[in-house]
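Chemist: Below you'll find run07.cif; it's mmCIF, C-alpha atoms.
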data_entry
loop_
_atom_site.group_PDB
_atom_site.id
_atom_site.type_symbol
_atom_site.label_atom_id
_atom_site.label_comp_id
_atom_site.auth_asym_id
_atom_site.auth_seq_id
_atom_site.Cartn_x
_atom_site.Cartn_y
_atom_site.Cartn_z
ATOM 1 C CA MET A 573 86.724 34.266 144.144
ATOM 2 C CA ALA A 574 83.054 34.360 143.098
ATOM 3 C CA ASN A 575 82.018 31.453 140.914
ATOM 4 C CA PRO A 576 80.150 32.159 137.687
ATOM 5 C CA PHE A 577 76.833 30.625 138.765
ATOM 6 C CA TYR A 578 76.885 30.112 142.497
ATOM 7 C CA ALA A 579 77.509 31.637 145.882
ATOM 8 C CA PRO A 580 81.258 31.716 146.614
ATOM 9 C CA PRO A 581 82.580 29.422 149.361
ATOM 10 C CA PRO A 582 82.936 30.800 152.887
ATOM 11 C CA PRO A 583 86.112 32.900 153.294
ATOM 12 C CA ASP A 584 89.078 31.774 155.347
ATOM 13 C CA ASP A 585 89.959 33.662 158.519
ATOM 14 C CA GLY A 586 92.801 35.458 156.737
ATOM 15 C CA SER A 587 90.848 36.354 153.583
ATOM 16 C CA PRO A 588 90.773 40.031 152.543
ATOM 17 C CA ASN A 589 87.457 41.864 152.854
ATOM 18 C CA PHE A 590 87.473 42.853 149.181
ATOM 19 C CA THR A 591 88.695 40.840 146.180
ATOM 20 C CA GLY A 592 88.121 40.859 142.442
ATOM 21 C CA ASP A 593 89.224 39.438 139.125
ATOM 22 C CA ALA A 594 89.061 40.408 135.462
ATOM 23 C CA GLU A 595 89.311 37.928 132.583
ATOM 24 C CA LEU A 596 89.986 38.812 128.942
ATOM 25 C CA GLY A 597 90.222 36.671 125.830
ATOM 26 C CA PHE A 598 90.627 38.095 122.317
ATOM 27 C CA THR A 599 91.477 36.586 118.914
ATOM 28 C CA HIS A 600 91.769 38.227 115.521
ATOM 29 C CA LEU A 601 92.203 36.424 112.194
ATOM 30 C CA SER A 602 92.911 38.215 108.912
ATOM 31 C CA GLY A 603 93.698 37.102 105.387
ATOM 32 C CA ASN A 604 91.463 34.399 103.928
ATOM 33 C CA THR A 605 89.269 34.698 107.024
ATOM 34 C CA ASP A 606 88.484 37.983 108.745
ATOM 35 C CA SER A 607 87.101 37.327 112.231
ATOM 36 C CA GLN A 608 87.315 38.674 115.770
ATOM 37 C CA THR A 609 86.295 37.120 119.074
ATOM 38 C CA LEU A 610 86.105 39.008 122.385
ATOM 39 C CA ILE A 611 85.295 37.512 125.791
ATOM 40 C CA GLY A 612 85.429 39.743 128.871
ATOM 41 C CA LYS A 613 84.429 38.903 132.443
ATOM 42 C CA THR A 614 84.787 40.639 135.797
ATOM 43 C CA ARG A 615 83.816 39.700 139.369
ATOM 44 C CA LEU A 616 83.894 41.586 142.661
ATOM 45 C CA THR A 617 83.488 39.978 146.089
ATOM 46 C CA TRP A 618 83.353 41.625 149.517
ATOM 47 C CA LEU A 619 82.487 40.543 153.059
ATOM 48 C CA THR A 620 80.188 41.960 155.745
ATOM 49 C CA GLY A 621 80.131 39.693 158.778
ATOM 50 C CA ASN A 622 78.527 36.392 157.749
ATOM 51 C CA LEU A 623 77.381 37.897 154.435
ATOM 52 C CA THR A 624 79.351 37.438 151.218
ATOM 53 C CA HIS A 625 78.376 39.838 148.425
ATOM 54 C CA SER A 626 79.378 39.323 144.792
ATOM 55 C CA LEU A 627 78.834 41.147 141.510
ATOM 56 C CA ARG A 628 79.773 39.969 138.045
ATOM 57 C CA GLY A 629 79.519 41.043 134.434
ATOM 58 C CA GLU A 630 80.248 39.298 131.136
ATOM 59 C CA VAL A 631 80.340 40.200 127.442
ATOM 60 C CA ARG A 632 80.901 37.982 124.389
ATOM 61 C CA ASN A 633 81.109 39.173 120.797
ATOM 62 C CA VAL A 634 82.056 37.296 117.625
ATOM 63 C CA THR A 635 82.246 38.836 114.142
ATOM 64 C CA LYS A 636 83.192 37.169 110.856
ATOM 65 C CA ASP A 637 83.650 39.044 107.576
ATOM 66 C CA GLY A 638 81.965 42.071 109.111
ATOM 67 C CA GLU A 639 78.875 40.129 110.281
ATOM 68 C CA THR A 640 78.136 39.576 113.984
ATOM 69 C CA SER A 641 77.452 35.912 114.786
ATOM 70 C CA ALA A 642 77.370 36.075 118.607
ATOM 71 C CA GLU A 643 76.556 38.901 120.991
ATOM 72 C CA GLN A 644 75.860 38.199 124.674
ATOM 73 C CA TYR A 645 75.744 40.325 127.839
ATOM 74 C CA LEU A 646 75.234 39.362 131.487
ATOM 75 C CA LEU A 647 74.991 41.247 134.797
ATOM 76 C CA ALA A 648 74.389 39.505 138.138
ATOM 77 C CA GLY A 649 74.448 40.165 141.871
ATOM 78 C CA ARG A 650 74.459 37.554 144.639
ATOM 79 C CA GLU A 651 74.217 37.372 148.422
ATOM 80 C CA ARG A 652 75.248 34.478 150.662
ATOM 81 C CA PHE A 653 74.638 34.211 154.410
ATOM 82 C CA ASP A 654 76.672 31.562 156.244
ATOM 83 C CA PHE A 655 75.420 29.878 159.414
ATOM 84 C CA ASN A 656 77.645 27.984 161.828
ATOM 85 C CA GLY A 657 78.592 24.774 160.058
ATOM 86 C CA PRO A 658 78.094 23.896 156.395
ATOM 87 C CA HIS A 659 74.691 25.536 155.873
ATOM 88 C CA TYR A 660 73.996 28.814 154.067
ATOM 89 C CA LEU A 661 71.215 30.805 152.435
ATOM 90 C CA PHE A 662 71.628 32.518 149.078
ATOM 91 C CA GLY A 663 69.822 34.839 146.703
ATOM 92 C CA PHE A 664 70.722 36.297 143.330
ATOM 93 C CA ALA A 665 69.376 38.416 140.487
ATOM 94 C CA ARG A 666 70.636 37.960 136.916
ATOM 95 C CA TRP A 667 70.016 39.921 133.703
ATOM 96 C CA GLU A 668 70.942 38.377 130.343
ATOM 97 C CA LYS A 669 70.746 39.567 126.755
ATOM 98 C CA ASP A 670 71.603 37.227 123.873
ATOM 99 C CA ARG A 671 71.021 38.627 120.410
ATOM 100 C CA PHE A 672 70.845 35.211 118.719
ATOM 101 C CA ALA A 673 68.934 33.165 121.326
ATOM 102 C CA GLY A 674 65.446 34.423 120.449
ATOM 103 C CA TYR A 675 65.094 36.490 123.646
ATOM 104 C CA ASP A 676 65.320 40.253 123.779
ATOM 105 C CA GLN A 677 66.345 39.828 127.430
ATOM 106 C CA GLN A 678 65.836 37.580 130.475
ATOM 107 C CA LEU A 679 65.612 38.615 134.138
ATOM 108 C CA SER A 680 65.864 35.952 136.867
ATOM 109 C CA VAL A 681 65.507 36.246 140.661
ATOM 110 C CA ILE A 682 66.283 33.069 142.649
ATOM 111 C CA GLY A 683 66.903 32.226 146.312
ATOM 112 C CA GLY A 684 67.227 29.169 148.489
ATOM 113 C CA TYR A 685 69.335 26.883 150.673
ATOM 114 C CA GLY A 686 72.881 25.651 150.138
ATOM 115 C CA ARG A 687 75.243 23.220 151.829
ATOM 116 C CA GLN A 688 79.047 23.345 151.749
ATOM 117 C CA LEU A 689 79.982 19.664 151.596
ATOM 118 C CA LEU A 690 83.740 20.270 151.243
ATOM 119 C CA ALA A 691 85.695 23.374 152.256
ATOM 120 C CA GLY A 692 89.345 22.338 152.383
ATOM 121 C CA ASP A 693 92.504 23.911 151.015
ATOM 122 C CA ARG A 694 92.594 21.525 148.048
ATOM 123 C CA GLN A 695 88.906 20.731 147.483
ATOM 124 C CA SER A 696 85.588 22.526 147.825
ATOM 125 C CA LEU A 697 82.108 21.320 146.900
ATOM 126 C CA SER A 698 78.792 23.081 147.390
ATOM 127 C CA LEU A 699 75.229 22.168 146.457
ATOM 128 C CA GLU A 700 72.282 24.565 146.438
ATOM 129 C CA ALA A 701 68.642 24.656 145.397
ATOM 130 C CA GLY A 702 65.630 26.914 145.614
ATOM 131 C CA PRO A 703 62.640 28.517 143.884
ATOM 132 C CA GLY A 704 62.662 31.627 141.749
ATOM 133 C CA TYR A 705 61.020 33.791 139.107
ATOM 134 C CA ARG A 706 62.022 34.575 135.528
ATOM 135 C CA ASN A 707 60.771 37.140 133.044
ATOM 136 C CA ASP A 708 61.461 36.238 129.409
ATOM 137 C CA ARG A 709 61.050 39.124 126.973
ATOM 138 C CA LEU A 710 60.636 37.654 123.495
ATOM 139 C CA ARG A 711 61.103 39.569 120.266
ATOM 140 C CA GLU A 712 58.206 38.149 118.241
ATOM 141 C CA TYR A 713 55.863 36.901 120.992
ATOM 142 C CA ASP A 714 54.310 37.935 124.307
ATOM 143 C CA ASP A 715 56.506 38.104 127.417
ATOM 144 C CA GLN A 716 56.569 35.044 129.663
ATOM 145 C CA GLN A 717 56.339 35.166 133.486
ATOM 146 C CA LEU A 718 57.698 31.859 134.774
ATOM 147 C CA ALA A 719 58.191 30.124 138.135
ATOM 148 C CA VAL A 720 61.630 28.490 138.367
ATOM 149 C CA ALA A 721 62.969 25.446 140.231
ATOM 150 C CA TYR A 722 66.761 25.830 140.512
ATOM 151 C CA THR A 723 69.585 23.509 141.556
ATOM 152 C CA ALA A 724 73.368 23.824 141.161
ATOM 153 C CA LEU A 725 76.739 22.476 142.230
ATOM 154 C CA ALA A 726 80.248 23.931 142.263
ATOM 155 C CA TYR A 727 83.424 21.849 142.658
ATOM 156 C CA ARG A 728 87.062 22.952 142.828
ATOM 157 C CA PHE A 729 90.210 20.831 143.070
ATOM 158 C CA GLY A 730 93.678 22.286 143.567
ATOM 159 C CA PHE A 731 96.369 20.212 141.828
ATOM 160 C CA ALA A 732 99.144 22.400 143.201
ATOM 161 C CA GLU A 733 99.579 25.913 144.519
ATOM 162 C CA GLY A 734 98.108 28.245 141.895
ATOM 163 C CA THR A 735 96.670 25.484 139.653
ATOM 164 C CA ASP A 736 92.961 24.696 139.963
ATOM 165 C CA PHE A 737 90.316 22.619 138.207
ATOM 166 C CA GLU A 738 86.733 23.873 138.429
ATOM 167 C CA GLN A 739 83.434 22.241 137.439
ATOM 168 C CA GLU A 740 80.157 24.056 137.893
ATOM 169 C CA MET A 741 76.672 23.069 136.767
ATOM 170 C CA SER A 742 73.164 24.439 137.176
ATOM 171 C CA VAL A 743 69.639 23.546 136.034
ATOM 172 C CA GLU A 744 66.663 25.931 135.910
ATOM 173 C CA TYR A 745 63.344 24.178 135.292
ATOM 174 C CA THR A 746 60.194 26.050 134.198
ATOM 175 C CA SER A 747 56.863 24.985 132.677
ATOM 176 C CA GLU A 748 58.098 26.198 129.253
ATOM 177 C CA ASN A 749 61.655 24.851 129.151
ATOM 178 C CA THR A 750 64.699 23.694 131.088
ATOM 179 C CA THR A 751 67.951 25.674 130.963
ATOM 180 C CA SER A 752 71.155 23.764 131.792
ATOM 181 C CA ARG A 753 74.563 25.416 132.218
ATOM 182 C CA SER A 754 78.034 23.947 132.629
ATOM 183 C CA PHE A 755 81.395 25.642 133.216
ATOM 184 C CA THR A 756 84.661 23.680 133.174
ATOM 185 C CA ALA A 757 87.995 25.464 133.669
ATOM 186 C CA LEU A 758 91.679 24.808 134.289
ATOM 187 C CA THR A 759 93.509 27.808 135.757
ATOM 188 C CA ALA A 760 97.286 28.066 136.232
ATOM 189 C CA ARG A 761 99.023 30.972 137.977
ATOM 190 C CA VAL A 762 101.754 32.736 135.977
ATOM 191 C CA THR A 763 102.532 35.544 138.453
ATOM 192 C CA PRO A 764 101.049 36.314 141.892
ATOM 193 C CA ARG A 765 98.217 38.238 140.175
ATOM 194 C CA ILE A 766 98.016 36.876 136.601
ATOM 195 C CA SER A 767 96.838 33.413 135.563
ATOM 196 C CA MET A 768 96.134 31.558 132.335
ATOM 197 C CA ARG A 769 92.713 29.922 131.999
ATOM 198 C CA LEU A 770 91.360 27.305 129.593
ATOM 199 C CA SER A 771 87.594 26.967 129.854
ATOM 200 C CA HIS A 772 84.572 25.426 128.181
ATOM 201 C CA GLU A 773 81.013 26.646 128.765
ATOM 202 C CA ILE A 774 77.762 24.992 127.691
ATOM 203 C CA LYS A 775 74.286 26.496 127.795
ATOM 204 C CA HIS A 776 71.364 24.313 126.684
ATOM 205 C CA ASN A 777 67.727 25.397 126.344
ATOM 206 C CA SER A 778 65.375 22.415 125.937
ATOM 207 C CA GLN A 779 62.712 24.499 124.152
ATOM 208 C CA PRO A 780 63.993 27.832 122.812
ATOM 209 C CA PRO A 781 61.800 30.342 120.937
ATOM 210 C CA PRO A 782 60.697 29.107 117.473
ATOM 211 C CA ASP A 783 63.021 31.470 115.570
ATOM 212 C CA THR A 784 66.139 30.073 117.302
ATOM 213 C CA ILE A 785 68.259 27.686 115.223
ATOM 214 C CA GLU A 786 70.284 25.883 117.918
ATOM 215 C CA ARG A 787 69.359 24.695 121.409
ATOM 216 C CA THR A 788 72.958 24.494 122.687
ATOM 217 C CA ASP A 789 75.695 27.137 122.824
ATOM 218 C CA ASN A 790 79.310 26.025 123.363
ATOM 219 C CA THR A 791 82.141 28.426 124.180
ATOM 220 C CA THR A 792 85.763 27.251 124.412
ATOM 221 C CA SER A 793 88.278 29.947 125.319
ATOM 222 C CA ALA A 794 91.830 30.636 126.413
ATOM 223 C CA SER A 795 92.208 33.846 128.403
ATOM 224 C CA LEU A 796 94.254 35.834 130.877
ATOM 225 C CA LEU A 797 92.906 36.260 134.394
ATOM 226 C CA TYR A 798 94.001 39.153 136.639
ATOM 227 C CA ARG A 799 93.199 38.951 140.370
ATOM 228 C CA TRP A 800 93.490 41.505 143.135
#
Output the structure of this file as structure tokens.
Modeler:
Amino acid sequence: MANPFYAPPPPDDGSPNFTGDAELGFTHLSGNTDSQTLIGKTRLTWLTGNLTHSLRGEVRNVTKDGETSAEQYLLAGRERFDFNGPHYLFGFARWEKDRFAGYDQQLSVIGGYGRQLLAGDRQSLSLEAGPGYRNDRLREYDDQQLAVAYTALAYRFGFAEGTDFEQEMSVEYTSENTTSRSFTALTARVTPRISMRLSHEIKHNSQPPPDTIERTDNTTSASLLYRW
């Protein structure tokens, strides 16, 4: 399974050549409060020799009393090339659009070196780092062309068959700001293909555009996850 931020771990010998998952969370409140929240995510992963390819997409939308308070979109593609042993190279491109973050859109291209420190049945841990480039398209100001220094980690622990804890973090440093991301999730299998997931995501921008109110976005969700 492809992780939200990082190159997926190397596949086992018996892994299928093509896998995917789709995650959906939706709430609707009516009466004294009229609000709707939608979170949708999908990931595809396939193998070509020592290369692992992954694609992912995400959408978040929150409305309250007919007014939109959150609207986010993300598309990303990633490549990972595994050498003999724990070493690998990676590269990814990511497009983001967040209506309330002060950016019209952001495009990032990053590559570098990674090391798989743990790759067991119960635990996996990978660290990676590298340089990159980011284009920030601002609504009220000139576009920014930024060099990026990137580092990330991804950890997974299996409590039991079908029940996993995941912790993923990344930091992207530029001359204008530092963007930190965290993803924490507990996933429990309900059927061979359907799981329940509780997750919490944090995205922090140390210096957002001047018209942005908050520096940190928090998303806590409960969703269904379908894997194939």
Chemist: The PyMOL selection byres ((chain A and resi 651) around 6) on the file shown: which residues, as a list in words?
Modeler: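 Here the PyMOL selection byres ((chain A and resi 651) around 6) matches Thr624, His625, Arg650, Arg652, Phe662 and Gly663 of chain A.
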Chemist: Which of these, A:Ala726, A:Leu647, A:Ala642, A:Ala794, has the shortest distance to Gln739 of chain A once you count all atoms listed in the file?
Modeler: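 Among A:Ala726, A:Leu647, A:Ala642, A:Ala794, it is A:Ala726 that comes nearest to Gln739 of chain A.
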Chemist: Would you kindly translate the PyMOL selection byres ((chain A and resi 790) around 7) into the concrete residues it picks from this file, as a PDB file with C-alpha atoms, keeping the file's coordinate frame?
Modeler:
ATOM      1  CA  GLU A 773      81.013  26.646 128.765  1.00  0.00           C
ATOM      2  CA  ILE A 774      77.762  24.992 127.691  1.00  0.00           C
ATOM      3  CA  LYS A 775      74.286  26.496 127.795  1.00  0.00           C
ATOM      4  CA  THR A 788      72.958  24.494 122.687  1.00  0.00           C
ATOM      5  CA  ASP A 789      75.695  27.137 122.824  1.00  0.00           C
ATOM      6  CA  THR A 791      82.141  28.426 124.180  1.00  0.00           C
ATOM      7  CA  THR A 792      85.763  27.251 124.412  1.00  0.00           C
TER       8      THR A 792
END
Chemist: For Val681 of chain A, which residue out of A:Lys669, A:Arg706, A:Arg628, A:His659 is the nearest one, using all atoms listed in the file?
Modeler: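 Answer, going by the shortest atom-to-atom distance: A:Arg706.
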Chemist: Determine, counting all atoms listed in the file, which protein, DNA and RNA residues have an atom within 10 Å of an atom of segment 606-614 of chain A; residues of the same chain fewer than 6 positions away are not included. Present the result as a PyMOL selection string.
Modeler: chain A and resi 574+576+592-600+627-647+791+793-799
Chemist: Any idea what the distance is between atom CA of Arg787 of chain A and atom CA of Gln677 of chain A?
Modeler: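 Rounded to one decimal, the two atoms are 16.6 Å apart.
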Chemist: From the options A:Gly649, A:Gly674, A:Gly683, A:Gly657, which residue's atoms come nearest to Asn622 of chain A, counting only C-alpha atoms?
Modeler: A:Gly657
Chemist: As an exercise, work out the distance from atom CA of Leu623 of chain A to atom CA of Gly734 of chain A in Å and give it to one decimal place.
Modeler: 26.1 Å
